[in-house]
file entry.txt (compact mmCIF, N, CA and C atoms and all ligand atoms)
# COMPACT_ATOMS: atom_id res chain seq x y z
N MET Z 1 -25.14 -11.41 -3.77
CA MET Z 1 -24.09 -10.45 -4.10
C MET Z 1 -24.05 -9.32 -3.09
N GLY Z 2 -22.84 -8.85 -2.80
CA GLY Z 2 -22.66 -7.85 -1.75
C GLY Z 2 -22.80 -6.43 -2.26
N ASN Z 3 -22.79 -5.50 -1.33
CA ASN Z 3 -22.97 -4.10 -1.74
C ASN Z 3 -21.78 -3.22 -1.35
N LYS Z 4 -20.65 -3.84 -1.00
CA LYS Z 4 -19.48 -3.03 -0.63
C LYS Z 4 -18.23 -3.47 -1.37
N THR Z 5 -17.34 -2.50 -1.62
CA THR Z 5 -16.05 -2.81 -2.19
C THR Z 5 -15.01 -1.86 -1.63
N LEU Z 6 -13.75 -2.27 -1.77
CA LEU Z 6 -12.65 -1.41 -1.30
C LEU Z 6 -11.95 -0.86 -2.53
N ALA Z 7 -11.89 0.46 -2.58
CA ALA Z 7 -11.19 1.15 -3.66
C ALA Z 7 -9.95 1.82 -3.07
N ILE Z 8 -8.91 1.95 -3.88
CA ILE Z 8 -7.78 2.80 -3.48
C ILE Z 8 -7.43 3.70 -4.67
N ILE Z 9 -7.32 5.00 -4.40
CA ILE Z 9 -6.67 5.88 -5.37
C ILE Z 9 -5.19 5.72 -5.07
N LYS Z 10 -4.47 5.12 -6.01
CA LYS Z 10 -3.09 4.69 -5.76
C LYS Z 10 -2.12 5.87 -5.81
N PRO Z 11 -0.89 5.67 -5.32
CA PRO Z 11 0.07 6.78 -5.21
C PRO Z 11 0.29 7.57 -6.50
N ASP Z 12 0.36 6.91 -7.64
CA ASP Z 12 0.62 7.65 -8.89
C ASP Z 12 -0.52 8.62 -9.19
N ALA Z 13 -1.76 8.18 -8.99
CA ALA Z 13 -2.91 9.02 -9.31
C ALA Z 13 -3.02 10.20 -8.34
N VAL Z 14 -2.72 9.95 -7.05
CA VAL Z 14 -2.74 11.06 -6.09
C VAL Z 14 -1.65 12.07 -6.46
N ALA Z 15 -0.43 11.56 -6.69
CA ALA Z 15 0.71 12.45 -6.98
C ALA Z 15 0.51 13.23 -8.28
N ASN Z 16 -0.22 12.64 -9.22
CA ASN Z 16 -0.43 13.31 -10.50
C ASN Z 16 -1.65 14.24 -10.50
N GLY Z 17 -2.28 14.40 -9.35
CA GLY Z 17 -3.39 15.37 -9.23
C GLY Z 17 -4.72 14.86 -9.75
N HIS Z 18 -4.90 13.53 -9.78
CA HIS Z 18 -6.15 12.97 -10.33
C HIS Z 18 -7.19 12.62 -9.28
N THR Z 19 -6.89 12.92 -8.01
CA THR Z 19 -7.80 12.52 -6.93
C THR Z 19 -9.24 13.02 -7.14
N GLY Z 20 -9.37 14.31 -7.38
CA GLY Z 20 -10.72 14.89 -7.50
C GLY Z 20 -11.49 14.30 -8.67
N LYS Z 21 -10.81 14.15 -9.81
CA LYS Z 21 -11.50 13.62 -10.99
C LYS Z 21 -11.94 12.17 -10.76
N ILE Z 22 -11.09 11.40 -10.10
CA ILE Z 22 -11.44 10.00 -9.85
C ILE Z 22 -12.62 9.91 -8.87
N ILE Z 23 -12.62 10.72 -7.84
CA ILE Z 23 -13.76 10.73 -6.90
C ILE Z 23 -15.05 11.12 -7.63
N ASP Z 24 -14.94 12.07 -8.54
CA ASP Z 24 -16.10 12.46 -9.35
C ASP Z 24 -16.67 11.28 -10.14
N HIS Z 25 -15.79 10.51 -10.78
CA HIS Z 25 -16.25 9.32 -11.51
C HIS Z 25 -17.00 8.37 -10.58
N ILE Z 26 -16.44 8.18 -9.39
CA ILE Z 26 -17.01 7.23 -8.43
C ILE Z 26 -18.41 7.69 -7.99
N ILE Z 27 -18.53 8.97 -7.65
CA ILE Z 27 -19.82 9.50 -7.19
C ILE Z 27 -20.83 9.52 -8.33
N ASN Z 28 -20.38 9.95 -9.50
CA ASN Z 28 -21.30 10.00 -10.65
C ASN Z 28 -21.79 8.62 -11.07
N ALA Z 29 -21.03 7.58 -10.73
CA ALA Z 29 -21.45 6.21 -11.06
C ALA Z 29 -22.39 5.65 -9.99
N GLY Z 30 -22.71 6.45 -8.98
CA GLY Z 30 -23.73 6.04 -8.01
C GLY Z 30 -23.21 5.35 -6.76
N PHE Z 31 -21.90 5.39 -6.54
CA PHE Z 31 -21.36 4.81 -5.30
C PHE Z 31 -21.47 5.81 -4.16
N LYS Z 32 -21.74 5.27 -2.97
CA LYS Z 32 -21.69 6.07 -1.75
C LYS Z 32 -20.35 5.83 -1.09
N ILE Z 33 -19.69 6.89 -0.66
CA ILE Z 33 -18.41 6.74 0.05
C ILE Z 33 -18.73 6.55 1.53
N LYS Z 34 -18.42 5.36 2.04
CA LYS Z 34 -18.75 5.04 3.44
C LYS Z 34 -17.58 5.30 4.38
N ALA Z 35 -16.38 5.41 3.81
CA ALA Z 35 -15.18 5.75 4.60
C ALA Z 35 -14.09 6.13 3.62
N MET Z 36 -13.21 7.03 4.06
CA MET Z 36 -12.12 7.47 3.18
C MET Z 36 -11.02 8.08 4.03
N LYS Z 37 -9.75 7.82 3.68
CA LYS Z 37 -8.64 8.48 4.37
C LYS Z 37 -7.44 8.55 3.43
N MET Z 38 -6.54 9.49 3.71
CA MET Z 38 -5.28 9.54 2.96
C MET Z 38 -4.19 9.04 3.89
N ILE Z 39 -3.43 8.04 3.42
CA ILE Z 39 -2.37 7.45 4.26
C ILE Z 39 -1.14 7.15 3.42
N HIS Z 40 0.00 7.13 4.10
CA HIS Z 40 1.23 6.66 3.46
C HIS Z 40 1.44 5.24 3.98
N LEU Z 41 1.22 4.26 3.12
CA LEU Z 41 1.29 2.86 3.54
C LEU Z 41 2.68 2.47 4.02
N THR Z 42 2.73 1.72 5.10
CA THR Z 42 4.00 1.13 5.54
C THR Z 42 4.26 -0.12 4.70
N ARG Z 43 5.49 -0.55 4.70
CA ARG Z 43 5.84 -1.77 3.97
C ARG Z 43 5.02 -2.96 4.48
N SER Z 44 4.92 -3.11 5.79
CA SER Z 44 4.23 -4.30 6.30
C SER Z 44 2.73 -4.24 5.99
N SER Z 45 2.15 -3.04 5.99
CA SER Z 45 0.73 -2.94 5.63
C SER Z 45 0.53 -3.28 4.15
N ALA Z 46 1.41 -2.78 3.28
CA ALA Z 46 1.29 -3.07 1.84
C ALA Z 46 1.52 -4.55 1.56
N GLU Z 47 2.50 -5.14 2.23
CA GLU Z 47 2.76 -6.58 2.04
C GLU Z 47 1.57 -7.41 2.50
N GLY Z 48 0.96 -6.99 3.59
CA GLY Z 48 -0.21 -7.71 4.10
C GLY Z 48 -1.40 -7.57 3.16
N PHE Z 49 -1.60 -6.36 2.67
CA PHE Z 49 -2.72 -6.10 1.78
C PHE Z 49 -2.63 -6.96 0.51
N TYR Z 50 -1.41 -7.07 -0.04
CA TYR Z 50 -1.21 -7.81 -1.29
C TYR Z 50 -0.67 -9.23 -1.08
N GLU Z 51 -0.86 -9.74 0.13
CA GLU Z 51 -0.45 -11.11 0.49
C GLU Z 51 -0.74 -12.15 -0.61
N ILE Z 52 -1.92 -12.07 -1.22
CA ILE Z 52 -2.28 -13.07 -2.25
C ILE Z 52 -1.34 -13.04 -3.45
N HIS Z 53 -0.60 -11.95 -3.63
CA HIS Z 53 0.32 -11.85 -4.77
C HIS Z 53 1.78 -12.08 -4.38
N LYS Z 54 2.03 -12.59 -3.17
CA LYS Z 54 3.42 -12.58 -2.70
C LYS Z 54 4.36 -13.48 -3.51
N GLU Z 55 3.82 -14.47 -4.20
CA GLU Z 55 4.69 -15.32 -5.04
C GLU Z 55 4.88 -14.77 -6.45
N ARG Z 56 4.15 -13.73 -6.79
CA ARG Z 56 4.24 -13.20 -8.17
C ARG Z 56 5.53 -12.42 -8.36
N GLN Z 57 6.03 -12.42 -9.59
CA GLN Z 57 7.32 -11.74 -9.84
C GLN Z 57 7.22 -10.23 -9.65
N PHE Z 58 6.02 -9.67 -9.76
CA PHE Z 58 5.88 -8.22 -9.62
C PHE Z 58 5.65 -7.76 -8.17
N PHE Z 59 5.65 -8.71 -7.22
CA PHE Z 59 5.29 -8.37 -5.83
C PHE Z 59 6.19 -7.27 -5.22
N GLY Z 60 7.51 -7.42 -5.38
CA GLY Z 60 8.44 -6.45 -4.79
C GLY Z 60 8.20 -5.04 -5.32
N GLU Z 61 8.05 -4.95 -6.65
CA GLU Z 61 7.81 -3.64 -7.28
C GLU Z 61 6.45 -3.08 -6.88
N LEU Z 62 5.48 -3.97 -6.72
CA LEU Z 62 4.14 -3.52 -6.33
C LEU Z 62 4.18 -2.90 -4.92
N VAL Z 63 4.91 -3.53 -4.01
CA VAL Z 63 5.03 -3.00 -2.65
C VAL Z 63 5.80 -1.67 -2.67
N GLU Z 64 6.86 -1.59 -3.46
CA GLU Z 64 7.60 -0.32 -3.60
C GLU Z 64 6.67 0.80 -4.07
N TYR Z 65 5.90 0.49 -5.10
CA TYR Z 65 4.96 1.45 -5.68
C TYR Z 65 3.93 1.91 -4.66
N MET Z 66 3.32 0.97 -3.97
CA MET Z 66 2.22 1.30 -3.06
C MET Z 66 2.70 2.04 -1.81
N THR Z 67 4.01 1.93 -1.50
CA THR Z 67 4.56 2.63 -0.33
C THR Z 67 5.31 3.90 -0.73
N SER Z 68 5.31 4.24 -2.02
CA SER Z 68 6.15 5.35 -2.51
C SER Z 68 5.69 6.71 -2.01
N THR Z 69 4.42 6.99 -2.09
CA THR Z 69 3.82 8.27 -1.69
C THR Z 69 2.39 7.95 -1.20
N PRO Z 70 1.68 8.93 -0.62
CA PRO Z 70 0.36 8.60 -0.05
C PRO Z 70 -0.68 8.08 -1.06
N CYS Z 71 -1.62 7.35 -0.53
CA CYS Z 71 -2.73 6.84 -1.33
C CYS Z 71 -4.04 7.06 -0.55
N ILE Z 72 -5.16 6.79 -1.20
CA ILE Z 72 -6.47 7.09 -0.58
C ILE Z 72 -7.40 5.87 -0.67
N PRO Z 73 -7.42 5.05 0.40
CA PRO Z 73 -8.39 3.96 0.42
C PRO Z 73 -9.80 4.49 0.74
N MET Z 74 -10.79 3.83 0.15
CA MET Z 74 -12.19 4.20 0.36
C MET Z 74 -13.04 2.95 0.44
N ALA Z 75 -13.98 2.92 1.34
CA ALA Z 75 -15.00 1.87 1.34
C ALA Z 75 -16.19 2.42 0.57
N LEU Z 76 -16.62 1.71 -0.46
CA LEU Z 76 -17.71 2.18 -1.32
C LEU Z 76 -18.91 1.26 -1.22
N GLU Z 77 -20.09 1.86 -1.39
CA GLU Z 77 -21.32 1.08 -1.33
C GLU Z 77 -22.18 1.31 -2.57
N LYS Z 78 -22.65 0.23 -3.13
CA LYS Z 78 -23.59 0.25 -4.24
C LYS Z 78 -24.08 -1.19 -4.41
N GLU Z 79 -25.24 -1.38 -4.99
CA GLU Z 79 -25.67 -2.74 -5.26
C GLU Z 79 -24.66 -3.40 -6.21
N ASN Z 80 -24.28 -4.63 -5.92
CA ASN Z 80 -23.31 -5.36 -6.75
C ASN Z 80 -21.99 -4.59 -6.89
N ALA Z 81 -21.51 -4.06 -5.75
CA ALA Z 81 -20.40 -3.10 -5.75
C ALA Z 81 -19.11 -3.61 -6.39
N VAL Z 82 -18.74 -4.85 -6.09
CA VAL Z 82 -17.45 -5.35 -6.59
C VAL Z 82 -17.43 -5.31 -8.11
N GLU Z 83 -18.45 -5.91 -8.72
CA GLU Z 83 -18.49 -5.98 -10.18
C GLU Z 83 -18.68 -4.59 -10.81
N GLU Z 84 -19.58 -3.79 -10.22
CA GLU Z 84 -19.86 -2.46 -10.76
C GLU Z 84 -18.61 -1.56 -10.72
N TYR Z 85 -17.86 -1.67 -9.62
CA TYR Z 85 -16.66 -0.82 -9.51
C TYR Z 85 -15.56 -1.31 -10.45
N ARG Z 86 -15.44 -2.63 -10.62
CA ARG Z 86 -14.42 -3.12 -11.57
C ARG Z 86 -14.78 -2.71 -12.99
N LYS Z 87 -16.07 -2.63 -13.28
CA LYS Z 87 -16.49 -2.13 -14.60
C LYS Z 87 -16.09 -0.67 -14.78
N LEU Z 88 -16.24 0.11 -13.71
CA LEU Z 88 -15.92 1.54 -13.75
C LEU Z 88 -14.42 1.78 -13.94
N ILE Z 89 -13.59 0.91 -13.35
CA ILE Z 89 -12.13 1.15 -13.44
C ILE Z 89 -11.51 0.54 -14.69
N GLY Z 90 -12.07 -0.53 -15.23
CA GLY Z 90 -11.52 -1.15 -16.42
C GLY Z 90 -10.42 -2.16 -16.11
N ALA Z 91 -9.85 -2.74 -17.16
CA ALA Z 91 -8.87 -3.82 -17.03
C ALA Z 91 -7.62 -3.35 -16.30
N THR Z 92 -6.91 -4.32 -15.67
CA THR Z 92 -5.67 -4.04 -14.93
C THR Z 92 -4.68 -3.27 -15.81
N ASP Z 93 -4.55 -3.71 -17.06
CA ASP Z 93 -3.65 -3.05 -18.02
C ASP Z 93 -4.44 -1.96 -18.76
N PRO Z 94 -4.09 -0.69 -18.56
CA PRO Z 94 -4.89 0.38 -19.20
C PRO Z 94 -4.95 0.26 -20.72
N ALA Z 95 -3.95 -0.39 -21.32
CA ALA Z 95 -3.97 -0.58 -22.77
C ALA Z 95 -5.15 -1.45 -23.18
N LYS Z 96 -5.63 -2.27 -22.24
CA LYS Z 96 -6.76 -3.18 -22.53
C LYS Z 96 -8.07 -2.68 -21.91
N ALA Z 97 -8.02 -1.56 -21.21
CA ALA Z 97 -9.21 -1.05 -20.52
C ALA Z 97 -10.14 -0.35 -21.52
N ALA Z 98 -11.45 -0.49 -21.26
CA ALA Z 98 -12.46 0.11 -22.14
C ALA Z 98 -12.38 1.64 -22.07
N GLU Z 99 -12.78 2.28 -23.17
CA GLU Z 99 -12.84 3.75 -23.23
C GLU Z 99 -13.70 4.29 -22.09
N GLY Z 100 -13.25 5.39 -21.50
CA GLY Z 100 -14.05 6.05 -20.46
C GLY Z 100 -13.84 5.49 -19.08
N THR Z 101 -13.14 4.35 -18.96
CA THR Z 101 -12.89 3.80 -17.62
C THR Z 101 -11.78 4.60 -16.93
N ILE Z 102 -11.75 4.49 -15.60
CA ILE Z 102 -10.78 5.27 -14.81
C ILE Z 102 -9.35 4.89 -15.21
N ARG Z 103 -9.10 3.61 -15.38
CA ARG Z 103 -7.73 3.22 -15.77
C ARG Z 103 -7.38 3.68 -17.18
N LYS Z 104 -8.34 3.62 -18.08
CA LYS Z 104 -8.07 4.11 -19.45
C LYS Z 104 -7.70 5.60 -19.40
N LEU Z 105 -8.40 6.34 -18.54
CA LEU Z 105 -8.19 7.79 -18.49
C LEU Z 105 -6.95 8.19 -17.71
N TYR Z 106 -6.65 7.47 -16.60
CA TYR Z 106 -5.63 7.99 -15.67
C TYR Z 106 -4.46 7.07 -15.40
N ALA Z 107 -4.48 5.82 -15.87
CA ALA Z 107 -3.37 4.90 -15.58
C ALA Z 107 -2.27 5.05 -16.62
N LYS Z 108 -1.04 4.82 -16.15
CA LYS Z 108 0.11 4.93 -17.05
C LYS Z 108 0.40 3.58 -17.72
N ASN Z 109 0.40 2.52 -16.94
CA ASN Z 109 0.68 1.18 -17.48
C ASN Z 109 0.14 0.12 -16.51
N ILE Z 110 0.46 -1.14 -16.77
CA ILE Z 110 -0.12 -2.24 -15.96
C ILE Z 110 0.30 -2.16 -14.49
N GLN Z 111 1.44 -1.56 -14.21
CA GLN Z 111 1.85 -1.41 -12.81
C GLN Z 111 1.26 -0.14 -12.19
N PHE Z 112 1.56 0.99 -12.79
CA PHE Z 112 1.08 2.28 -12.26
C PHE Z 112 -0.31 2.52 -12.83
N ASN Z 113 -1.28 1.83 -12.24
CA ASN Z 113 -2.60 1.81 -12.88
C ASN Z 113 -3.70 2.54 -12.09
N ALA Z 114 -3.29 3.52 -11.32
CA ALA Z 114 -4.18 4.57 -10.77
C ALA Z 114 -5.13 4.16 -9.63
N VAL Z 115 -5.72 2.97 -9.73
CA VAL Z 115 -6.72 2.59 -8.73
C VAL Z 115 -6.69 1.09 -8.44
N HIS Z 116 -7.17 0.75 -7.25
CA HIS Z 116 -7.40 -0.64 -6.86
C HIS Z 116 -8.89 -0.88 -6.73
N GLY Z 117 -9.31 -2.11 -6.99
CA GLY Z 117 -10.67 -2.53 -6.68
C GLY Z 117 -10.68 -3.98 -6.22
N SER Z 118 -11.48 -4.29 -5.21
CA SER Z 118 -11.59 -5.68 -4.72
C SER Z 118 -12.09 -6.58 -5.84
N ASP Z 119 -11.75 -7.88 -5.74
CA ASP Z 119 -12.15 -8.81 -6.80
C ASP Z 119 -13.25 -9.80 -6.39
N SER Z 120 -13.70 -9.74 -5.13
CA SER Z 120 -14.80 -10.62 -4.68
C SER Z 120 -15.39 -10.00 -3.41
N ASP Z 121 -16.60 -10.44 -3.07
CA ASP Z 121 -17.22 -9.94 -1.83
C ASP Z 121 -16.39 -10.32 -0.62
N GLU Z 122 -15.84 -11.53 -0.64
CA GLU Z 122 -15.03 -12.00 0.49
C GLU Z 122 -13.78 -11.12 0.66
N ASN Z 123 -13.11 -10.86 -0.45
CA ASN Z 123 -11.92 -10.00 -0.36
C ASN Z 123 -12.28 -8.55 -0.05
N ALA Z 124 -13.43 -8.09 -0.53
CA ALA Z 124 -13.87 -6.73 -0.20
C ALA Z 124 -13.98 -6.55 1.31
N ALA Z 125 -14.59 -7.52 1.97
CA ALA Z 125 -14.76 -7.43 3.43
C ALA Z 125 -13.39 -7.42 4.12
N LYS Z 126 -12.49 -8.30 3.67
CA LYS Z 126 -11.13 -8.34 4.26
C LYS Z 126 -10.40 -7.03 4.02
N GLU Z 127 -10.49 -6.52 2.80
CA GLU Z 127 -9.74 -5.32 2.44
C GLU Z 127 -10.29 -4.08 3.14
N ILE Z 128 -11.60 -4.00 3.31
CA ILE Z 128 -12.18 -2.87 4.04
C ILE Z 128 -11.67 -2.89 5.48
N SER Z 129 -11.63 -4.09 6.08
CA SER Z 129 -11.17 -4.14 7.47
C SER Z 129 -9.66 -3.96 7.59
N HIS Z 130 -8.93 -4.10 6.48
CA HIS Z 130 -7.49 -3.79 6.50
C HIS Z 130 -7.27 -2.30 6.78
N PHE Z 131 -8.16 -1.46 6.28
CA PHE Z 131 -7.98 -0.01 6.39
C PHE Z 131 -8.89 0.67 7.40
N PHE Z 132 -10.07 0.11 7.64
CA PHE Z 132 -11.07 0.83 8.43
C PHE Z 132 -11.61 -0.02 9.58
N SER Z 133 -11.71 0.63 10.74
CA SER Z 133 -12.37 -0.04 11.87
C SER Z 133 -13.88 0.06 11.65
N ARG Z 134 -14.61 -0.72 12.39
CA ARG Z 134 -16.07 -0.69 12.30
C ARG Z 134 -16.61 0.73 12.54
N ASP Z 135 -16.00 1.43 13.49
CA ASP Z 135 -16.44 2.79 13.83
C ASP Z 135 -16.22 3.80 12.71
N GLU Z 136 -15.27 3.52 11.85
CA GLU Z 136 -14.97 4.46 10.76
C GLU Z 136 -15.91 4.31 9.57
N LEU Z 137 -16.69 3.24 9.54
CA LEU Z 137 -17.62 3.05 8.43
C LEU Z 137 -18.92 3.77 8.74
N LEU Z 138 -19.26 4.76 7.91
CA LEU Z 138 -20.40 5.63 8.20
C LEU Z 138 -21.70 4.95 7.78
N ASN Z 139 -22.64 4.93 8.70
CA ASN Z 139 -23.90 4.23 8.41
C ASN Z 139 -25.00 5.14 7.89
N ASN Z 140 -25.01 6.35 8.40
CA ASN Z 140 -26.14 7.24 8.06
C ASN Z 140 -25.69 8.43 7.23
N TYR Z 141 -24.78 8.17 6.33
CA TYR Z 141 -24.23 9.27 5.56
C TYR Z 141 -24.31 8.91 4.10
N SER Z 142 -24.67 9.87 3.26
CA SER Z 142 -24.59 9.60 1.83
C SER Z 142 -24.10 10.85 1.13
N ASN Z 143 -23.17 10.67 0.18
CA ASN Z 143 -22.51 11.84 -0.41
C ASN Z 143 -23.45 12.54 -1.36
N1 LIG Z 201 0.59 -5.52 -11.33
C1 LIG Z 201 1.84 -5.35 -11.88
N2 LIG Z 201 2.21 -6.15 -12.94
C2 LIG Z 201 1.40 -7.13 -13.43
C3 LIG Z 201 0.13 -7.30 -12.86
C4 LIG Z 201 -0.25 -6.48 -11.81
O1 LIG Z 201 2.62 -4.49 -11.46
O2 LIG Z 201 1.79 -7.82 -14.38
C5 LIG Z 201 0.17 -4.66 -10.19
C6 LIG Z 201 -0.90 -3.63 -10.61
O3 LIG Z 201 -0.66 -2.42 -9.88
C7 LIG Z 201 -2.18 -4.33 -10.18
C8 LIG Z 201 -1.72 -5.02 -8.88
O4 LIG Z 201 -0.40 -5.46 -9.17
O5 LIG Z 201 -3.24 -3.44 -9.99
C9 LIG Z 201 -2.57 -6.21 -8.45
O6 LIG Z 201 -2.71 -7.09 -9.54
P1 LIG Z 201 -4.12 -7.78 -9.88
O7 LIG Z 201 -3.85 -8.87 -10.85
O8 LIG Z 201 -4.82 -8.13 -8.61
O9 LIG Z 201 -4.90 -6.63 -10.66
P2 LIG Z 201 -6.16 -5.72 -10.22
O10 LIG Z 201 -7.05 -6.59 -9.36
O11 LIG Z 201 -5.60 -4.53 -9.48
O12 LIG Z 201 -6.82 -5.33 -11.52
MG MG Z 202 -6.64 -7.74 -7.74

call {"tool": "encode", "arguments": {"input": "entry.txt", "output": "structure tokens", "more": "lines below"}}
Ligand code: UDP
Ligand code: MG
result
Amino acid sequence: MGNKTLAIIKPDAVANGHTGKIIDHIINAGFKIKAMKMIHLTRSSAEGFYEIHKERQFFGELVEYMTSTPCIPMALEKENAVEEYRKLIGATDPAKAAEGTIRKLYAKNIQFNAVHGSDSDENAAKEISHFFSRDELLNNYSN
């Protein structure tokens, strides 16, 4: 099992002022932030990032949402990071997310759901490299 995952504080959560609280949850859960930036995603970057969902009926709306206003991708490190971070954020649909999870606390609905998390070690590596060059990943830093 790997020790890295890619998180995004999505546009709705940034715009609604939840950035600081979400970062607090992440740090308090024991993740190290290895890279972080605020960006306004281009259409082609968002389409590439969500390539695996391109046949889904929600793909167009998902790309609109992710390109609407800035978001904050982060590379996170912790033992068993993918699973641990998905536990911290809760189910895709906040109505089904466990109490105390980031999505339960800050997501509006299944679309505007505040945060992204990788779903496998393989996708985590791909998603981290979508946003960060090797040089941007900090090796000797811990928050
Ligand atoms: N999504 C949506 N409608 C759906 C399912 C997903 O708008 O019925 C959006 C939502 O923002 C979700 C993203 O598409 O986070 C990617 O979906 P996925 O199934 O990969 O969920 P996640 O891995 O983010 O929990
Ligand atoms: Mg997913």

call {"tool": "residues_around", "arguments": {"input": "entry.txt", "residues": "Z:Ser68", "least_positions_apart": "3", "cutoff": "7 Å", "atoms": "only N, CA and C atoms", "output": "list of chain:residue names"}}
result
Z:Pro11, Z:Leu41, Z:Val63, Z:Glu64, Z:Tyr65

call {"tool": "select_by_dssp", "arguments": {"input": "entry.txt", "residues": "stretch 6-136 of chain Z", "states": "strand (DSSP E or B)", "output": "list in words"}}
result
Leu6, Ala7, Ile8, Ile9, Lys32, Ile33, Lys34, Ala35, Met36, Ile39, Cys71, Ile72, Pro73, Met74, Ala75, Leu76, Glu77, Val115, His116 and Gly117 of chain Z

call {"tool": "residues_around", "arguments": {"input": "entry.txt", "residues": "Z:Ile128", "least_positions_apart": "6", "cutoff": "7 Å", "atoms": "only N, CA and C atoms", "output": "PyMOL selection string"}}
result
chain Z and resi 5-6+74-75

call {"tool": "residues_near_ligand", "arguments": {"input": "entry.txt", "ligand": "ligand LIG 201 (chain Z)", "cutoff": "6.5 Å", "atoms": "only N, CA and C atoms and all ligand atoms", "output": "list in words"}}
result
Phe58, Glu61, Leu62, Ala91, Thr92, Asp93, Ile110, Gln111, Phe112, Asn113, Val115, His116, Gly117, Ser118 and Asp119 of chain Z

call {"tool": "write_last_selection", "arguments": {"input": "entry.txt", "atoms": "N, CA and C atoms", "output": "CSV table (one decimal), keeping the file's coordinate frame"}}
result
chain,number,residue,atom,x,y,z
Z,58,PHE,N,6.0,-9.7,-9.8
Z,58,PHE,CA,5.9,-8.2,-9.6
Z,58,PHE,C,5.6,-7.8,-8.2
Z,61,GLU,N,8.0,-5.0,-6.6
Z,61,GLU,CA,7.8,-3.6,-7.3
Z,61,GLU,C,6.4,-3.1,-6.9
Z,62,LEU,N,5.5,-4.0,-6.7
Z,62,LEU,CA,4.1,-3.5,-6.3
Z,62,LEU,C,4.2,-2.9,-4.9
Z,91,ALA,N,-9.8,-2.7,-17.2
Z,91,ALA,CA,-8.9,-3.8,-17.0
Z,91,ALA,C,-7.6,-3.4,-16.3
Z,92,THR,N,-6.9,-4.3,-15.7
Z,92,THR,CA,-5.7,-4.0,-14.9
Z,92,THR,C,-4.7,-3.3,-15.8
Z,93,ASP,N,-4.6,-3.7,-17.1
Z,93,ASP,CA,-3.6,-3.0,-18.0
Z,93,ASP,C,-4.4,-2.0,-18.8
Z,110,ILE,N,0.5,-1.1,-16.8
Z,110,ILE,CA,-0.1,-2.2,-16.0
Z,110,ILE,C,0.3,-2.2,-14.5
Z,111,GLN,N,1.4,-1.6,-14.2
Z,111,GLN,CA,1.8,-1.4,-12.8
Z,111,GLN,C,1.3,-0.1,-12.2
Z,112,PHE,N,1.6,1.0,-12.8
Z,112,PHE,CA,1.1,2.3,-12.3
Z,112,PHE,C,-0.3,2.5,-12.8
Z,113,ASN,N,-1.3,1.8,-12.2
Z,113,ASN,CA,-2.6,1.8,-12.9
Z,113,ASN,C,-3.7,2.5,-12.1
Z,115,VAL,N,-5.7,3.0,-9.7
Z,115,VAL,CA,-6.7,2.6,-8.7
Z,115,VAL,C,-6.7,1.1,-8.4
Z,116,HIS,N,-7.2,0.8,-7.2
Z,116,HIS,CA,-7.4,-0.6,-6.9
Z,116,HIS,C,-8.9,-0.9,-6.7
Z,117,GLY,N,-9.3,-2.1,-7.0
Z,117,GLY,CA,-10.7,-2.5,-6.7
Z,117,GLY,C,-10.7,-4.0,-6.2
Z,118,SER,N,-11.5,-4.3,-5.2
Z,118,SER,CA,-11.6,-5.7,-4.7
Z,118,SER,C,-12.1,-6.6,-5.8
Z,119,ASP,N,-11.8,-7.9,-5.7
Z,119,ASP,CA,-12.2,-8.8,-6.8
Z,119,ASP,C,-13.2,-9.8,-6.4

call {"tool": "select_by_dssp", "arguments": {"input": "entry.txt", "residues": "chain Z", "states": "alpha helix (DSSP H)", "output": "number ranges by chain"}}
result
Z: 11-15, 19-28, 43-49, 59-66, 81-89, 102-106, 121-131

call {"tool": "atom_distance", "arguments": {"input": "entry.txt", "atom1": "atom C of Z:Lys108", "atom2": "atom C of Z:Leu88"}}
result
15.4 Å

call {"tool": "closest_residue", "arguments": {"input": "entry.txt", "among": "Z:Lys21, Z:Lys34, Z:Ser44, Z:Lys96", "to": "Z:Asn139", "atoms": "only C-alpha atoms"}}
result
Z:Lys34

call {"tool": "residues_near_point", "arguments": {"input": "entry.txt", "point": "(-21.7, -3.8, -1.5)", "cutoff": "6 Å", "atoms": "all atoms listed in the file", "output": "list of chain:residue names"}}
result
Z:Gly2, Z:Asn3, Z:Lys4, Z:Thr5, Z:Leu76, Z:Glu77, Z:Lys78, Z:Glu79, Z:Asn80, Z:Ala81, Z:Val82

call {"tool": "atom_distance", "arguments": {"input": "entry.txt", "atom1": "atom N of Z:Gly30", "atom2": "atom C of Z:Ala46"}}
result
28.6 Å

call {"tool": "atom_distance", "arguments": {"input": "entry.txt", "atom1": "atom CA of Z:Lys126", "atom2": "atom CA of Z:Ala95"}}
result
29.0 Å

call {"tool": "closest_residue", "arguments": {"input": "entry.txt", "among": "Z:Glu127, Z:Ala35, Z:Ser133, Z:Glu122", "to": "Z:Gly48", "atoms": "only C-alpha atoms"}}
result
Z:Glu127

call {"tool": "axis_aligned_box", "arguments": {"input": "entry.txt", "around": "stretch 4-13 of chain Z", "padding_each_side": "4 Å", "output": "lines of an AutoDock Vina configuration file"}}
result
center_x = -10.0
center_y = 3.2
center_z = -5.0
size_x = 29.3
size_y = 22.0
size_z = 16.7

call {"tool": "residues_around", "arguments": {"input": "entry.txt", "residues": "Z:Ala13", "least_positions_apart": "3", "cutoff": "8 Å", "atoms": "all atoms listed in the file", "output": "ChimeraX atom specification"}}
result
/Z:9-10,16-20,70-71,106-108,112-115

call {"tool": "closest_residue", "arguments": {"input": "entry.txt", "among": "Z:Lys37, Z:Lys32, Z:Arg86, Z:His25", "to": "ligand MG 202 (chain Z)", "atoms": "only C-alpha atoms and all ligand atoms"}}
result
Z:Arg86

call {"tool": "closest_residue", "arguments": {"input": "entry.txt", "among": "Z:Val14, Z:Leu105, Z:Ile52, Z:Ile22", "to": "ligand MG 202 (chain Z)", "atoms": "only C-alpha atoms and all ligand atoms"}}
result
Z:Ile52

call {"tool": "closest_residue", "arguments": {"input": "entry.txt", "among": "Z:Met38, Z:Ile33, Z:Thr69, Z:Glu51", "to": "Z:Asp12", "atoms": "only N, CA and C atoms"}}
result
Z:Thr69
